[in-house]
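Okay, query.cif now, which holds mmCIF, N, CA, C and O atoms:
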```cif
data_structure
loop_
_atom_site.label_atom_id
_atom_site.label_comp_id
_atom_site.auth_asym_id
_atom_site.auth_seq_id
_atom_site.Cartn_x
_atom_site.Cartn_y
_atom_site.Cartn_z
N MET A 1 188.04 29.87 98.73
CA MET A 1 186.70 29.98 98.21
C MET A 1 186.78 30.06 96.69
O MET A 1 187.59 30.79 96.14
N ILE A 2 185.90 29.33 96.00
CA ILE A 2 185.87 29.33 94.54
C ILE A 2 184.60 30.04 94.11
O ILE A 2 183.50 29.71 94.55
N ALA A 3 184.74 31.02 93.24
CA ALA A 3 183.58 31.76 92.73
C ALA A 3 183.22 31.21 91.36
O ALA A 3 184.09 30.98 90.53
N THR A 4 181.93 30.99 91.17
CA THR A 4 181.47 30.54 89.85
C THR A 4 180.49 31.57 89.33
O THR A 4 179.70 32.15 90.07
N TYR A 5 180.54 31.79 88.05
CA TYR A 5 179.66 32.75 87.41
C TYR A 5 178.86 32.04 86.32
O TYR A 5 179.38 31.19 85.62
N VAL A 6 177.62 32.42 86.22
CA VAL A 6 176.77 31.86 85.17
C VAL A 6 176.47 32.97 84.19
O VAL A 6 176.03 34.04 84.58
N CYS A 7 176.72 32.71 82.94
CA CYS A 7 176.45 33.70 81.90
C CYS A 7 175.17 33.31 81.17
O CYS A 7 175.08 32.22 80.61
N ILE A 8 174.17 34.18 81.21
CA ILE A 8 172.92 33.92 80.52
C ILE A 8 172.79 34.94 79.40
O ILE A 8 172.67 36.13 79.67
N PRO A 9 172.86 34.49 78.16
CA PRO A 9 172.75 35.44 77.05
C PRO A 9 171.32 35.99 76.97
O PRO A 9 170.35 35.24 77.02
N THR A 10 171.21 37.28 76.88
CA THR A 10 169.90 37.91 76.77
C THR A 10 169.93 38.94 75.66
O THR A 10 170.99 39.42 75.28
N MET A 11 168.76 39.28 75.17
CA MET A 11 168.64 40.33 74.17
C MET A 11 168.09 41.57 74.85
O MET A 11 167.27 41.47 75.76
N SER A 12 168.51 42.71 74.42
CA SER A 12 167.95 43.94 74.97
C SER A 12 166.54 44.13 74.44
O SER A 12 166.12 43.49 73.47
N MET A 13 165.78 45.00 75.07
CA MET A 13 164.41 45.24 74.64
C MET A 13 164.40 45.72 73.19
O MET A 13 165.14 46.61 72.82
N GLY A 14 163.57 45.10 72.37
CA GLY A 14 163.45 45.50 70.98
C GLY A 14 164.46 44.85 70.05
O GLY A 14 164.37 44.99 68.85
N ALA A 15 165.42 44.13 70.60
CA ALA A 15 166.42 43.49 69.76
C ALA A 15 165.95 42.08 69.41
O ALA A 15 165.46 41.35 70.25
N TYR A 16 166.06 41.71 68.16
CA TYR A 16 165.72 40.36 67.75
C TYR A 16 166.54 40.00 66.53
O TYR A 16 167.03 40.86 65.82
N ASP A 17 166.66 38.73 66.31
CA ASP A 17 167.50 38.28 65.20
C ASP A 17 166.69 38.16 63.91
O ASP A 17 165.49 38.41 63.87
N GLU A 18 167.34 37.77 62.86
CA GLU A 18 166.73 37.68 61.53
C GLU A 18 165.59 36.66 61.52
O GLU A 18 164.55 36.89 60.90
N ASP A 19 165.77 35.52 62.21
CA ASP A 19 164.71 34.51 62.26
C ASP A 19 163.45 35.07 62.91
O ASP A 19 162.34 34.80 62.46
N GLU A 20 163.62 35.81 63.98
CA GLU A 20 162.47 36.41 64.65
C GLU A 20 161.78 37.40 63.73
O GLU A 20 160.55 37.46 63.66
N HIS A 21 162.55 38.19 63.00
CA HIS A 21 161.98 39.15 62.05
C HIS A 21 161.15 38.43 61.00
O HIS A 21 160.02 38.83 60.70
N GLU A 22 161.70 37.35 60.44
CA GLU A 22 160.98 36.59 59.42
C GLU A 22 159.73 35.93 60.00
O GLU A 22 158.69 35.89 59.36
N ARG A 23 159.82 35.41 61.22
CA ARG A 23 158.67 34.79 61.86
C ARG A 23 157.54 35.80 62.04
O ARG A 23 156.39 35.54 61.73
N ARG A 24 157.89 36.98 62.53
CA ARG A 24 156.87 38.01 62.74
C ARG A 24 156.27 38.49 61.41
O ARG A 24 155.09 38.74 61.31
N GLU A 25 157.11 38.64 60.40
CA GLU A 25 156.62 39.09 59.10
C GLU A 25 155.68 38.04 58.50
O GLU A 25 154.63 38.37 57.96
N HIS A 26 156.05 36.76 58.61
CA HIS A 26 155.19 35.69 58.11
C HIS A 26 153.87 35.66 58.87
O HIS A 26 152.80 35.51 58.28
N GLN A 27 153.93 35.82 60.18
CA GLN A 27 152.73 35.78 61.00
C GLN A 27 151.80 36.95 60.67
O GLN A 27 150.59 36.79 60.62
N SER A 28 152.34 38.12 60.45
CA SER A 28 151.50 39.28 60.17
C SER A 28 151.00 39.33 58.73
O SER A 28 150.07 40.06 58.42
N SER A 29 151.59 38.52 57.85
CA SER A 29 151.15 38.54 56.45
C SER A 29 150.05 37.52 56.17
O SER A 29 149.47 37.52 55.10
N ARG A 30 149.77 36.64 57.14
CA ARG A 30 148.71 35.65 56.95
C ARG A 30 147.34 36.31 57.09
O ARG A 30 147.15 37.21 57.90
N VAL A 31 146.40 35.82 56.31
CA VAL A 31 145.03 36.32 56.38
C VAL A 31 144.17 35.22 56.98
O VAL A 31 144.18 34.09 56.49
N ASP A 32 143.43 35.57 58.00
CA ASP A 32 142.55 34.59 58.65
C ASP A 32 141.20 34.61 57.94
O ASP A 32 140.43 35.54 58.08
N ALA A 33 140.93 33.59 57.16
CA ALA A 33 139.68 33.51 56.40
C ALA A 33 138.69 32.55 57.04
O ALA A 33 137.72 32.16 56.43
N ASP A 34 138.93 32.17 58.29
CA ASP A 34 138.06 31.20 58.96
C ASP A 34 136.90 31.86 59.69
O ASP A 34 136.31 31.27 60.59
N PHE A 35 136.56 33.06 59.37
CA PHE A 35 135.47 33.73 60.06
C PHE A 35 134.33 34.02 59.09
O PHE A 35 134.52 34.04 57.88
N ASP A 36 133.17 34.22 59.62
CA ASP A 36 131.99 34.52 58.83
C ASP A 36 132.06 35.98 58.42
O ASP A 36 132.05 36.87 59.27
N ASP A 37 132.13 36.24 57.12
CA ASP A 37 132.29 37.62 56.68
C ASP A 37 130.95 38.33 56.43
O ASP A 37 130.93 39.44 55.92
N GLU A 38 129.85 37.66 56.78
CA GLU A 38 128.55 38.33 56.66
C GLU A 38 128.36 39.25 57.85
O GLU A 38 128.62 38.87 58.99
N ARG A 39 127.87 40.42 57.58
CA ARG A 39 127.65 41.39 58.66
C ARG A 39 126.31 41.13 59.32
O ARG A 39 125.34 40.78 58.68
N THR A 40 126.28 41.33 60.62
CA THR A 40 125.04 41.18 61.37
C THR A 40 124.24 42.47 61.22
O THR A 40 124.77 43.57 61.36
N ILE A 41 122.98 42.32 60.92
CA ILE A 41 122.11 43.48 60.75
C ILE A 41 121.25 43.61 62.01
O ILE A 41 120.59 42.65 62.43
N TYR A 42 121.30 44.77 62.63
CA TYR A 42 120.53 45.04 63.83
C TYR A 42 119.36 45.94 63.49
O TYR A 42 119.49 46.87 62.71
N HIS A 43 118.22 45.65 64.11
CA HIS A 43 117.04 46.49 63.94
C HIS A 43 116.65 47.02 65.30
O HIS A 43 116.67 46.30 66.29
N GLY A 44 116.30 48.29 65.37
CA GLY A 44 115.89 48.86 66.64
C GLY A 44 116.18 50.35 66.67
O GLY A 44 116.51 50.96 65.65
N GLU A 45 116.05 50.90 67.84
CA GLU A 45 116.26 52.33 68.02
C GLU A 45 117.24 52.57 69.16
O GLU A 45 117.31 51.78 70.09
N VAL A 46 117.93 53.66 69.07
CA VAL A 46 118.81 54.10 70.13
C VAL A 46 118.38 55.50 70.52
O VAL A 46 118.22 56.37 69.66
N GLU A 47 118.17 55.68 71.82
CA GLU A 47 117.80 57.00 72.31
C GLU A 47 118.79 57.43 73.37
O GLU A 47 119.24 56.61 74.17
N TYR A 48 119.11 58.68 73.38
CA TYR A 48 119.96 59.21 74.42
C TYR A 48 119.54 60.64 74.71
O TYR A 48 118.99 61.33 73.87
N ASP A 49 119.78 61.05 75.93
CA ASP A 49 119.43 62.39 76.36
C ASP A 49 120.69 63.02 76.93
O ASP A 49 121.21 62.56 77.94
N SER A 50 121.19 64.01 76.27
CA SER A 50 122.40 64.67 76.75
C SER A 50 122.05 66.00 77.43
O SER A 50 122.91 66.85 77.59
N GLY A 51 120.80 66.17 77.86
CA GLY A 51 120.37 67.43 78.44
C GLY A 51 120.76 67.62 79.90
O GLY A 51 120.71 68.73 80.41
N ASP A 52 121.14 66.55 80.61
CA ASP A 52 121.49 66.68 82.02
C ASP A 52 122.82 67.40 82.19
O ASP A 52 123.77 67.18 81.45
N SER A 53 122.85 68.26 83.18
CA SER A 53 124.10 68.96 83.45
C SER A 53 124.99 68.06 84.31
O SER A 53 124.54 67.07 84.88
N ALA A 54 126.22 68.42 84.43
CA ALA A 54 127.16 67.64 85.24
C ALA A 54 126.72 67.63 86.69
O ALA A 54 126.82 66.60 87.37
N GLU A 55 126.21 68.74 87.20
CA GLU A 55 125.76 68.81 88.59
C GLU A 55 124.57 67.87 88.82
O GLU A 55 124.52 67.18 89.84
N GLU A 56 123.63 67.83 87.89
CA GLU A 56 122.48 66.94 88.04
C GLU A 56 122.92 65.49 88.03
O GLU A 56 122.41 64.66 88.79
N LEU A 57 123.87 65.16 87.18
CA LEU A 57 124.37 63.80 87.13
C LEU A 57 125.10 63.43 88.41
O LEU A 57 124.95 62.30 88.92
N LEU A 58 125.88 64.35 88.97
CA LEU A 58 126.57 64.08 90.23
C LEU A 58 125.57 63.91 91.37
O LEU A 58 125.74 63.04 92.23
N ASP A 59 124.52 64.72 91.39
CA ASP A 59 123.49 64.58 92.41
C ASP A 59 122.81 63.22 92.31
O ASP A 59 122.56 62.55 93.32
N GLN A 60 122.51 62.81 91.08
CA GLN A 60 121.88 61.51 90.86
C GLN A 60 122.81 60.39 91.31
O GLN A 60 122.38 59.42 91.95
N PHE A 61 124.09 60.53 91.03
CA PHE A 61 125.08 59.54 91.47
C PHE A 61 125.13 59.46 92.98
O PHE A 61 125.19 58.36 93.56
N GLU A 62 125.14 60.57 93.65
CA GLU A 62 125.18 60.59 95.12
C GLU A 62 123.93 59.91 95.69
O GLU A 62 124.02 59.19 96.69
N LYS A 63 122.76 60.13 95.07
CA LYS A 63 121.53 59.48 95.53
C LYS A 63 121.66 57.96 95.41
O LYS A 63 121.27 57.22 96.30
N ILE A 64 122.18 57.52 94.28
CA ILE A 64 122.34 56.09 94.04
C ILE A 64 123.31 55.48 95.05
O ILE A 64 123.08 54.40 95.60
N LYS A 65 124.41 56.20 95.31
CA LYS A 65 125.41 55.70 96.26
C LYS A 65 124.85 55.58 97.66
O LYS A 65 125.19 54.68 98.40
N SER A 66 123.98 56.51 98.04
CA SER A 66 123.48 56.53 99.42
C SER A 66 122.42 55.46 99.65
O SER A 66 122.10 55.16 100.78
N ASN A 67 121.84 54.92 98.62
CA ASN A 67 120.80 53.89 98.79
C ASN A 67 121.39 52.57 99.02
O ASN A 67 122.05 51.86 99.00
#
```
Starting from the coordinates I provided, produce the structure as structure tokens.
Amino acid sequence: MIATYVCIPTMSMGAYDEDEHERREHQSSRVDADFDDERTIYHGEVEYDSGDSAEELLDQFEKIKSN
């Protein structure tokens, strides 16, 4: 019987070579200027009521679930 072995070179987690380091540095140093830099202005009101207790909210949830 003849045994053959295949060697597959792999890098450990977090290990990379100099080319990979340069590629990542180049990629992270680019600035994407292809977007609209004007901010959207929203008009309206936001209301919230934080007066409900946890028990009341759970009761309301159970009612909704049972329907």
(message) What's the separation between atom O of Ser53 in chain A and atom N of Lys65 in chain A, in Å to one decimal place?
(response) 15.1 Å
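Take atom O of Ser66 in chain A and atom C of Ala54 in chain A: the distance between them is 19.4 Å.
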(message) Using Å and a single decimal, report how far CA of Ser29 in chain A sits from atom N of Asp17 in chain A.
(response)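 Interatomic distance here is 18.4 Å.
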